[in-house]
file data.cif (mmCIF, C-alpha atoms)
data_entry
#
loop_
_atom_site.label_atom_id
_atom_site.label_comp_id
_atom_site.auth_asym_id
_atom_site.auth_seq_id
_atom_site.Cartn_x
_atom_site.Cartn_y
_atom_site.Cartn_z
CA MET N 1 -14.08 252.39 78.42
CA SER N 2 -13.23 255.58 80.19
CA LEU N 3 -13.18 258.95 78.51
CA TYR N 4 -9.38 258.91 78.49
CA GLU N 5 -9.30 255.72 76.45
CA VAL N 6 -11.93 257.00 74.03
CA MET N 7 -9.88 260.17 73.49
CA PHE N 8 -6.73 258.17 72.83
CA ALA N 9 -8.57 255.90 70.37
CA ILE N 10 -9.97 258.90 68.48
CA PHE N 11 -6.59 260.65 68.26
CA SER N 12 -4.71 257.59 67.06
CA ALA N 13 -7.43 256.67 64.55
CA VAL N 14 -7.34 260.20 63.11
CA ILE N 15 -3.53 260.08 62.94
CA LEU N 16 -3.43 256.76 61.10
CA VAL N 17 -6.31 257.39 58.68
CA PHE N 18 -5.17 260.86 57.69
CA SER N 19 -1.51 259.79 57.38
CA VAL N 20 -2.57 257.21 54.80
CA LEU N 21 -4.73 259.80 53.04
CA THR N 22 -1.80 262.26 53.03
CA ILE N 23 0.37 259.91 51.01
CA THR N 24 -2.38 258.57 48.73
CA SER N 25 -4.47 261.63 47.88
CA ARG N 26 -4.11 262.66 44.26
CA ARG N 27 -4.88 266.32 44.87
CA ILE N 28 -1.88 267.99 46.48
CA LEU N 29 -3.79 270.68 48.37
CA ARG N 30 -5.98 268.03 49.99
CA ALA N 31 -2.85 266.11 51.00
CA ALA N 32 -1.60 269.24 52.78
CA VAL N 33 -4.92 269.63 54.63
CA TYR N 34 -4.85 265.96 55.68
CA LEU N 35 -1.31 266.55 56.99
CA LEU N 36 -2.73 269.41 59.05
CA PHE N 37 -5.26 267.03 60.65
CA VAL N 38 -2.47 264.57 61.49
CA LEU N 39 -0.38 267.29 63.15
CA ILE N 40 -3.31 268.67 65.15
CA SER N 41 -4.28 265.27 66.51
CA THR N 42 -0.63 264.75 67.45
CA ALA N 43 -0.99 267.94 69.49
CA GLY N 44 -4.06 266.29 71.01
CA ILE N 45 -1.91 263.34 72.08
CA TYR N 46 0.54 265.74 73.73
CA PHE N 47 -2.36 267.33 75.60
CA TRP N 48 -3.50 263.87 76.58
CA LEU N 49 -0.04 263.16 78.02
CA GLN N 50 -0.28 266.48 79.93
CA TYR N 51 2.55 268.29 78.17
CA GLU N 52 0.54 271.39 77.43
CA PHE N 53 3.45 273.61 76.39
CA LEU N 54 4.65 271.08 73.82
CA ALA N 55 1.12 270.78 72.44
CA GLY N 56 0.98 274.55 72.06
CA VAL N 57 4.32 274.57 70.27
CA GLN N 58 3.12 271.76 68.01
CA VAL N 59 0.01 273.70 66.99
CA ALA N 60 1.84 277.01 66.56
CA LEU N 61 4.92 275.78 64.72
CA TYR N 62 3.75 272.72 62.81
CA ALA N 63 0.13 273.50 62.10
CA GLY N 64 0.56 277.24 61.97
CA GLY N 65 4.00 277.51 60.41
CA ILE N 66 5.05 274.50 58.39
CA VAL N 67 1.66 273.62 56.90
CA VAL N 68 1.07 277.23 55.87
CA LEU N 69 4.53 277.28 54.28
CA ILE N 70 3.75 274.06 52.40
CA ILE N 71 0.36 275.37 51.23
CA PHE N 72 2.05 278.58 50.05
CA SER N 73 4.58 276.67 48.00
CA ILE N 74 1.80 274.48 46.55
CA LEU N 75 -0.09 277.58 45.46
CA LEU N 76 3.08 279.03 43.93
CA THR N 77 3.99 275.93 41.95
CA HIS N 78 0.73 274.15 41.05
CA HIS N 79 -2.59 274.91 39.54
CA ILE N 80 -5.16 274.52 42.29
CA GLU N 81 -7.16 271.86 40.39
CA HIS N 82 -4.00 269.90 39.59
CA LYS N 83 -4.41 266.13 39.86
CA PHE N 84 -1.49 263.72 39.92
CA ASP N 85 -1.20 260.77 37.62
CA LYS N 86 -1.66 257.44 39.31
CA PRO N 87 1.67 256.17 40.68
CA GLY N 88 3.14 253.09 39.06
CA LEU N 89 1.93 249.74 40.36
CA TRP N 90 5.42 248.55 41.22
CA ASN N 91 6.08 251.75 43.14
CA VAL N 92 2.97 251.21 45.25
CA ILE N 93 3.81 247.56 45.85
CA ALA N 94 7.41 248.43 46.80
CA GLY N 95 6.35 251.30 49.09
CA PHE N 96 3.66 249.47 51.00
CA GLY N 97 5.66 246.23 51.02
CA ILE N 98 8.63 247.91 52.65
CA ALA N 99 6.29 249.71 55.06
CA ALA N 100 4.52 246.48 56.02
CA LEU N 101 7.77 244.56 56.47
CA GLY N 102 9.42 247.34 58.48
CA SER N 103 6.44 247.95 60.73
CA PHE N 104 6.05 244.21 61.33
CA ILE N 105 9.68 243.90 62.45
CA ALA N 106 9.56 247.08 64.57
CA ILE N 107 6.24 246.29 66.25
CA SER N 108 7.17 242.70 67.04
CA THR N 109 10.40 243.96 68.62
CA ILE N 110 8.48 246.56 70.64
CA ILE N 111 5.94 244.02 71.90
CA ASN N 112 8.64 241.58 72.98
CA HIS N 113 10.57 244.28 74.81
CA ASP N 114 9.75 244.68 78.47
CA PHE N 115 9.24 248.32 79.38
CA ILE N 116 9.19 249.05 83.09
CA PRO N 117 6.90 251.99 83.85
CA SER N 118 8.31 254.30 86.47
CA ASN N 119 6.41 255.12 89.63
CA LYS N 120 8.33 258.29 90.33
CA GLU N 121 6.59 261.55 90.97
CA ALA N 122 5.97 263.46 87.71
CA ILE N 123 8.03 266.61 87.36
CA ASP N 124 6.27 269.95 87.17
CA SER N 125 6.00 270.64 83.42
CA SER N 126 4.77 274.20 83.68
CA VAL N 127 6.14 276.85 81.33
CA LYS N 128 8.10 278.37 84.21
CA ASN N 129 9.98 275.16 84.89
CA ILE N 130 10.50 274.46 81.17
CA GLY N 131 11.92 277.93 80.59
CA ARG N 132 14.22 277.64 83.58
CA GLN N 133 15.60 274.28 82.44
CA LEU N 134 15.98 275.43 78.84
CA VAL N 135 18.55 278.12 79.66
CA SER N 136 20.14 276.55 82.72
CA THR N 137 23.72 275.26 82.76
CA GLY N 138 23.21 273.01 85.75
CA HIS N 139 22.38 269.32 86.06
CA ASP N 140 18.97 269.55 84.34
CA GLY N 141 19.98 272.32 81.96
CA TYR N 142 19.63 272.26 78.21
CA VAL N 143 21.47 275.43 77.27
CA LEU N 144 23.92 273.73 74.89
CA PRO N 145 21.28 272.24 72.53
CA PHE N 146 19.41 275.52 72.85
CA GLU N 147 22.42 277.46 71.54
CA VAL N 148 23.09 274.91 68.81
CA ILE N 149 19.47 275.16 67.68
CA SER N 150 19.66 278.94 67.59
CA ILE N 151 22.74 278.78 65.33
CA LEU N 152 20.97 276.23 63.13
CA LEU N 153 17.93 278.48 62.83
CA LEU N 154 20.13 281.44 61.88
CA ALA N 155 21.91 279.34 59.26
CA ALA N 156 18.58 278.11 57.86
CA LEU N 157 17.26 281.67 57.72
CA ILE N 158 20.27 282.96 55.79
CA GLY N 159 20.37 279.87 53.59
CA ALA N 160 16.69 280.15 52.65
CA ILE N 161 17.11 283.83 51.74
CA VAL N 162 20.24 283.18 49.65
CA VAL N 163 18.71 280.21 47.83
CA ALA N 164 15.30 281.72 47.05
CA ARG N 165 16.48 285.24 46.09
CA LYS N 166 16.34 286.21 42.44
CA GLU N 167 19.72 286.80 40.85
CA THR N 168 18.91 290.16 39.29
CA ASP N 169 22.46 291.54 38.99
CA LYS N 170 23.73 288.58 37.00
CA SER N 171 20.86 288.51 34.48
CA GLU N 172 21.12 292.26 33.89
CA THR N 173 24.82 292.10 33.09
CA THR N 174 24.33 289.17 30.73
CA SER N 175 21.41 290.79 28.90
CA LYS N 176 23.46 293.90 28.19
CA MET W 1 -3.72 257.68 82.39
CA GLN W 2 -1.80 254.52 83.23
CA GLU W 3 -4.52 252.22 81.92
CA ILE W 4 -3.25 252.66 78.36
CA PRO W 5 0.05 250.80 77.98
CA LEU W 6 3.08 252.37 76.35
CA TYR W 7 2.89 249.81 73.54
CA TYR W 8 -0.13 251.53 72.02
CA PHE W 9 1.76 254.79 71.59
CA LEU W 10 4.78 253.04 70.14
CA THR W 11 2.60 251.05 67.72
CA VAL W 12 0.82 254.18 66.48
CA SER W 13 4.08 256.04 66.00
CA THR W 14 5.72 253.06 64.26
CA LEU W 15 2.82 252.79 61.82
CA MET W 16 2.97 256.53 61.19
CA PHE W 17 6.73 256.33 60.59
CA PHE W 18 6.38 253.57 58.01
CA ILE W 19 3.44 255.30 56.32
CA GLY W 20 5.84 258.23 55.91
CA VAL W 21 8.49 255.90 54.46
CA ALA W 22 5.94 254.46 52.02
CA GLY W 23 4.95 257.97 50.96
CA PHE W 24 8.60 258.80 50.42
CA ILE W 25 8.87 255.86 48.01
CA ILE W 26 5.52 256.22 46.24
CA ARG W 27 5.35 259.97 45.64
CA ARG W 28 7.00 261.66 42.68
CA ASN W 29 6.51 265.28 43.71
CA LEU W 30 9.01 267.21 45.84
CA ILE W 31 6.38 268.85 48.06
CA THR W 32 4.63 265.57 48.85
CA ILE W 33 8.02 264.01 49.63
CA LEU W 34 8.56 266.88 52.07
CA MET W 35 5.18 266.08 53.65
CA SER W 36 6.26 262.44 54.10
CA ILE W 37 9.39 263.66 55.90
CA GLU W 38 7.21 265.74 58.21
CA LEU W 39 5.18 262.61 59.02
CA ILE W 40 8.38 260.73 59.88
CA LEU W 41 9.69 263.52 62.15
CA ASN W 42 6.33 263.79 63.85
CA SER W 43 6.18 260.08 64.64
CA VAL W 44 9.62 260.29 66.24
CA ASN W 45 8.31 263.12 68.41
CA ILE W 46 5.41 261.00 69.64
CA ASN W 47 7.91 258.29 70.63
CA PHE W 48 10.09 260.71 72.59
CA VAL W 49 7.17 262.25 74.46
CA ALA W 50 5.40 258.98 75.30
CA ILE W 51 8.59 257.32 76.58
CA ASN W 52 9.39 260.40 78.63
CA ARG W 53 5.95 260.39 80.23
CA TYR W 54 5.80 256.65 80.97
CA LEU W 55 9.37 255.67 81.82
CA PHE W 56 11.03 258.87 83.06
CA PRO W 57 8.32 261.16 84.42
CA ASP W 58 10.79 262.82 86.80
CA GLN W 59 12.78 264.35 83.92
CA LEU W 60 11.98 266.41 80.84
CA GLN W 61 14.55 265.08 78.37
CA GLY W 62 12.13 263.66 75.81
CA HIS W 63 10.05 266.80 76.05
CA PHE W 64 13.04 269.03 75.29
CA PHE W 65 14.33 266.90 72.48
CA SER W 66 10.95 266.83 70.77
CA LEU W 67 10.94 270.63 71.14
CA PHE W 68 14.30 270.74 69.36
CA ILE W 69 13.07 268.34 66.66
CA VAL W 70 10.14 270.65 65.97
CA ALA W 71 12.62 273.52 65.52
CA ILE W 72 14.78 271.41 63.19
CA ALA W 73 11.69 270.43 61.18
CA ALA W 74 10.78 274.10 60.77
CA ALA W 75 14.30 275.00 59.60
CA GLU W 76 14.37 272.04 57.23
CA ALA W 77 10.98 272.90 55.75
CA SER W 78 11.96 276.52 55.12
CA VAL W 79 15.21 275.60 53.34
CA ALA W 80 13.50 272.80 51.38
CA ILE W 81 10.76 275.13 50.17
CA ALA W 82 13.31 277.75 49.13
CA LEU W 83 15.07 275.05 47.10
CA ILE W 84 11.79 273.79 45.63
CA ILE W 85 10.78 277.28 44.48
CA ASN W 86 14.21 277.79 42.95
CA ILE W 87 13.96 274.46 41.13
CA TYR W 88 10.51 275.43 39.87
CA ARG W 89 11.94 278.65 38.41
CA LYS W 90 14.62 276.76 36.52
CA PHE W 91 12.75 273.64 35.35
CA ASN W 92 9.11 274.78 35.50
CA SER W 93 8.25 271.52 37.25
CA ILE W 94 8.91 269.89 40.61
CA GLU W 95 8.43 266.26 39.65
CA VAL W 96 11.55 264.34 40.65
CA THR W 97 11.61 262.51 37.32
CA GLU W 98 11.99 265.76 35.39
CA VAL W 99 14.59 267.39 37.63
CA ASN W 100 17.64 265.44 36.61
CA GLU W 101 20.47 267.85 35.93
CA MET W 102 22.47 269.97 38.32
CA LYS W 103 24.00 272.25 35.72
CA TYR W 104 22.08 275.33 34.64
#

call {"tool": "encode", "arguments": {"input": "data.cif", "output": "structure tokens"}}
result
Amino acid sequence: MSLYEVMFAIFSAVILVFSVLTITSRRILRAAVYLLFVLISTAGIYFWLQYEFLAGVQVALYAGGIVVLIIFSILLTHHIEHKFDKPGLWNVIAGFGIAALGSFIAISTIINHDFIPSNKEAIDSSVKNIGRQLVSTGHDGYVLPFEVISILLLAALIGAIVVARKETDKSETTSK
Amino acid sequence: MQEIPLYYFLTVSTLMFFIGVAGFIIRRNLITILMSIELILNSVNINFVAINRYLFPDQLQGHFFSLFIVAIAAAEASVAIALIINIYRKFNSIEVTEVNEMKY
């Protein structure tokens, strides 16, 4: 086994084991930390596939942004020693049954499908090239999804502020 | 790099996707349901990137779309957490079984 294969085996084993732990752990803070391990080893897989910029974005946004946001909301809404009750037996059977059935169907379809690997020269995936394609309007340009995403981010920003803000004016007028 | 077939990546991401689906069904807490959704989105990203690298290495489409999915996941998480904190203020709990009325 070459080093490449060993790296891939480690990353995928970490992803699978910690995904299962994320959904079965009874302490919510631990579940968030296991999710962090899953996201970081996904970044490892991106590094392995030689998309370094995407791996950096994965670490910065997912591991640095989303997991911190989730941990913050856990600390705001739960006691840190909080332990969940055990989920109902039928829930567990239904969840893992559907997961097993679905993954069996999907994986058997994938294995029977014939993928033809391409022998073409790999494109330069440096940050310079990525940035140029991201805002280009030409044949390989992605400026339309880029603009749509920026509007979505603005809408999410405003929506999060409006939803989470305390309604002070209303409560003051009603208390008087 | 080519000695590992594409099937391995697709199998790992499929298993991760369905682990996320199982978590969505099993969990009763809004934050852990959000974590299951993050698992699902992440597995889709692995699919995009692996297929881009193996089948279309002369383009960057999968790379860009997984970049956009990461941005959507960040937006979704921020709005979801704003909603969760608001629900916690009103109901003092974020278990889905106890949050069952929309009127307040």

call {"tool": "resolve_selection", "arguments": {"input": "data.cif", "expression": "the PyMOL selection byres ((chain W) within 8 of (chain N))", "output": "PyMOL selection string"}}
result
chain W and resi 1+4+6-7+10-12+14-16+18-28+31-32+35-36+39+42+46+49-50+53-60+63-64+67-68+70-72+74-79+81-83+85-86+88+93-94

call {"tool": "write_last_selection", "arguments": {"input": "data.cif", "atoms": "C-alpha atoms", "output": "PDB file, in the frame of the given file"}}
result
ATOM      1  CA  MET W   1      -3.720 257.680  82.390  1.00  0.00           C
ATOM      2  CA  ILE W   4      -3.250 252.660  78.360  1.00  0.00           C
ATOM      3  CA  LEU W   6       3.080 252.370  76.350  1.00  0.00           C
ATOM      4  CA  TYR W   7       2.890 249.810  73.540  1.00  0.00           C
ATOM      5  CA  LEU W  10       4.780 253.040  70.140  1.00  0.00           C
ATOM      6  CA  THR W  11       2.600 251.050  67.720  1.00  0.00           C
ATOM      7  CA  VAL W  12       0.820 254.180  66.480  1.00  0.00           C
ATOM      8  CA  THR W  14       5.720 253.060  64.260  1.00  0.00           C
ATOM      9  CA  LEU W  15       2.820 252.790  61.820  1.00  0.00           C
ATOM     10  CA  MET W  16       2.970 256.530  61.190  1.00  0.00           C
ATOM     11  CA  PHE W  18       6.380 253.570  58.010  1.00  0.00           C
ATOM     12  CA  ILE W  19       3.440 255.300  56.320  1.00  0.00           C
ATOM     13  CA  GLY W  20       5.840 258.230  55.910  1.00  0.00           C
ATOM     14  CA  VAL W  21       8.490 255.900  54.460  1.00  0.00           C
ATOM     15  CA  ALA W  22       5.940 254.460  52.020  1.00  0.00           C
ATOM     16  CA  GLY W  23       4.950 257.970  50.960  1.00  0.00           C
ATOM     17  CA  PHE W  24       8.600 258.800  50.420  1.00  0.00           C
ATOM     18  CA  ILE W  25       8.870 255.860  48.010  1.00  0.00           C
ATOM     19  CA  ILE W  26       5.520 256.220  46.240  1.00  0.00           C
ATOM     20  CA  ARG W  27       5.350 259.970  45.640  1.00  0.00           C
ATOM     21  CA  ARG W  28       7.000 261.660  42.680  1.00  0.00           C
ATOM     22  CA  ILE W  31       6.380 268.850  48.060  1.00  0.00           C
ATOM     23  CA  THR W  32       4.630 265.570  48.850  1.00  0.00           C
ATOM     24  CA  MET W  35       5.180 266.080  53.650  1.00  0.00           C
ATOM     25  CA  SER W  36       6.260 262.440  54.100  1.00  0.00           C
ATOM     26  CA  LEU W  39       5.180 262.610  59.020  1.00  0.00           C
ATOM     27  CA  ASN W  42       6.330 263.790  63.850  1.00  0.00           C
ATOM     28  CA  ILE W  46       5.410 261.000  69.640  1.00  0.00           C
ATOM     29  CA  VAL W  49       7.170 262.250  74.460  1.00  0.00           C
ATOM     30  CA  ALA W  50       5.400 258.980  75.300  1.00  0.00           C
ATOM     31  CA  ARG W  53       5.950 260.390  80.230  1.00  0.00           C
ATOM     32  CA  TYR W  54       5.800 256.650  80.970  1.00  0.00           C
ATOM     33  CA  LEU W  55       9.370 255.670  81.820  1.00  0.00           C
ATOM     34  CA  PHE W  56      11.030 258.870  83.060  1.00  0.00           C
ATOM     35  CA  PRO W  57       8.320 261.160  84.420  1.00  0.00           C
ATOM     36  CA  ASP W  58      10.790 262.820  86.800  1.00  0.00           C
ATOM     37  CA  GLN W  59      12.780 264.350  83.920  1.00  0.00           C
ATOM     38  CA  LEU W  60      11.980 266.410  80.840  1.00  0.00           C
ATOM     39  CA  HIS W  63      10.050 266.800  76.050  1.00  0.00           C
ATOM     40  CA  PHE W  64      13.040 269.030  75.290  1.00  0.00           C
ATOM     41  CA  LEU W  67      10.940 270.630  71.140  1.00  0.00           C
ATOM     42  CA  PHE W  68      14.300 270.740  69.360  1.00  0.00           C
ATOM     43  CA  VAL W  70      10.140 270.650  65.970  1.00  0.00           C
ATOM     44  CA  ALA W  71      12.620 273.520  65.520  1.00  0.00           C
ATOM     45  CA  ILE W  72      14.780 271.410  63.190  1.00  0.00           C
ATOM     46  CA  ALA W  74      10.780 274.100  60.770  1.00  0.00           C
ATOM     47  CA  ALA W  75      14.300 275.000  59.600  1.00  0.00           C
ATOM     48  CA  GLU W  76      14.370 272.040  57.230  1.00  0.00           C
ATOM     49  CA  ALA W  77      10.980 272.900  55.750  1.00  0.00           C
ATOM     50  CA  SER W  78      11.960 276.520  55.120  1.00  0.00           C
ATOM     51  CA  VAL W  79      15.210 275.600  53.340  1.00  0.00           C
ATOM     52  CA  ILE W  81      10.760 275.130  50.170  1.00  0.00           C
ATOM     53  CA  ALA W  82      13.310 277.750  49.130  1.00  0.00           C
ATOM     54  CA  LEU W  83      15.070 275.050  47.100  1.00  0.00           C
ATOM     55  CA  ILE W  85      10.780 277.280  44.480  1.00  0.00           C
ATOM     56  CA  ASN W  86      14.210 277.790  42.950  1.00  0.00           C
ATOM     57  CA  TYR W  88      10.510 275.430  39.870  1.00  0.00           C
ATOM     58  CA  SER W  93       8.250 271.520  37.250  1.00  0.00           C
ATOM     59  CA  ILE W  94       8.910 269.890  40.610  1.00  0.00           C
TER      60      ILE W  94
END

call {"tool": "atom_distance", "arguments": {"input": "data.cif", "atom1": "CA of Phe47 in chain N", "atom2": "CA of Gln61 in chain W"}}
result
17.3 Å

call {"tool": "atom_distance", "arguments": {"input": "data.cif", "atom1": "CA of Arg89 in chain W", "atom2": "CA of Ile151 in chain N"}}
result
29.0 Å

call {"tool": "atom_distance", "arguments": {"input": "data.cif", "atom1": "CA of Phe9 in chain W", "atom2": "CA of Leu34 in chain W"}}
result
23.9 Å

call {"tool": "closest_residue", "arguments": {"input": "data.cif", "among": "N:Ala63, N:Ile10, N:Leu75, N:Gly56", "to": "Leu36 in chain N", "atoms": "only C-alpha atoms"}}
result
N:Ala63
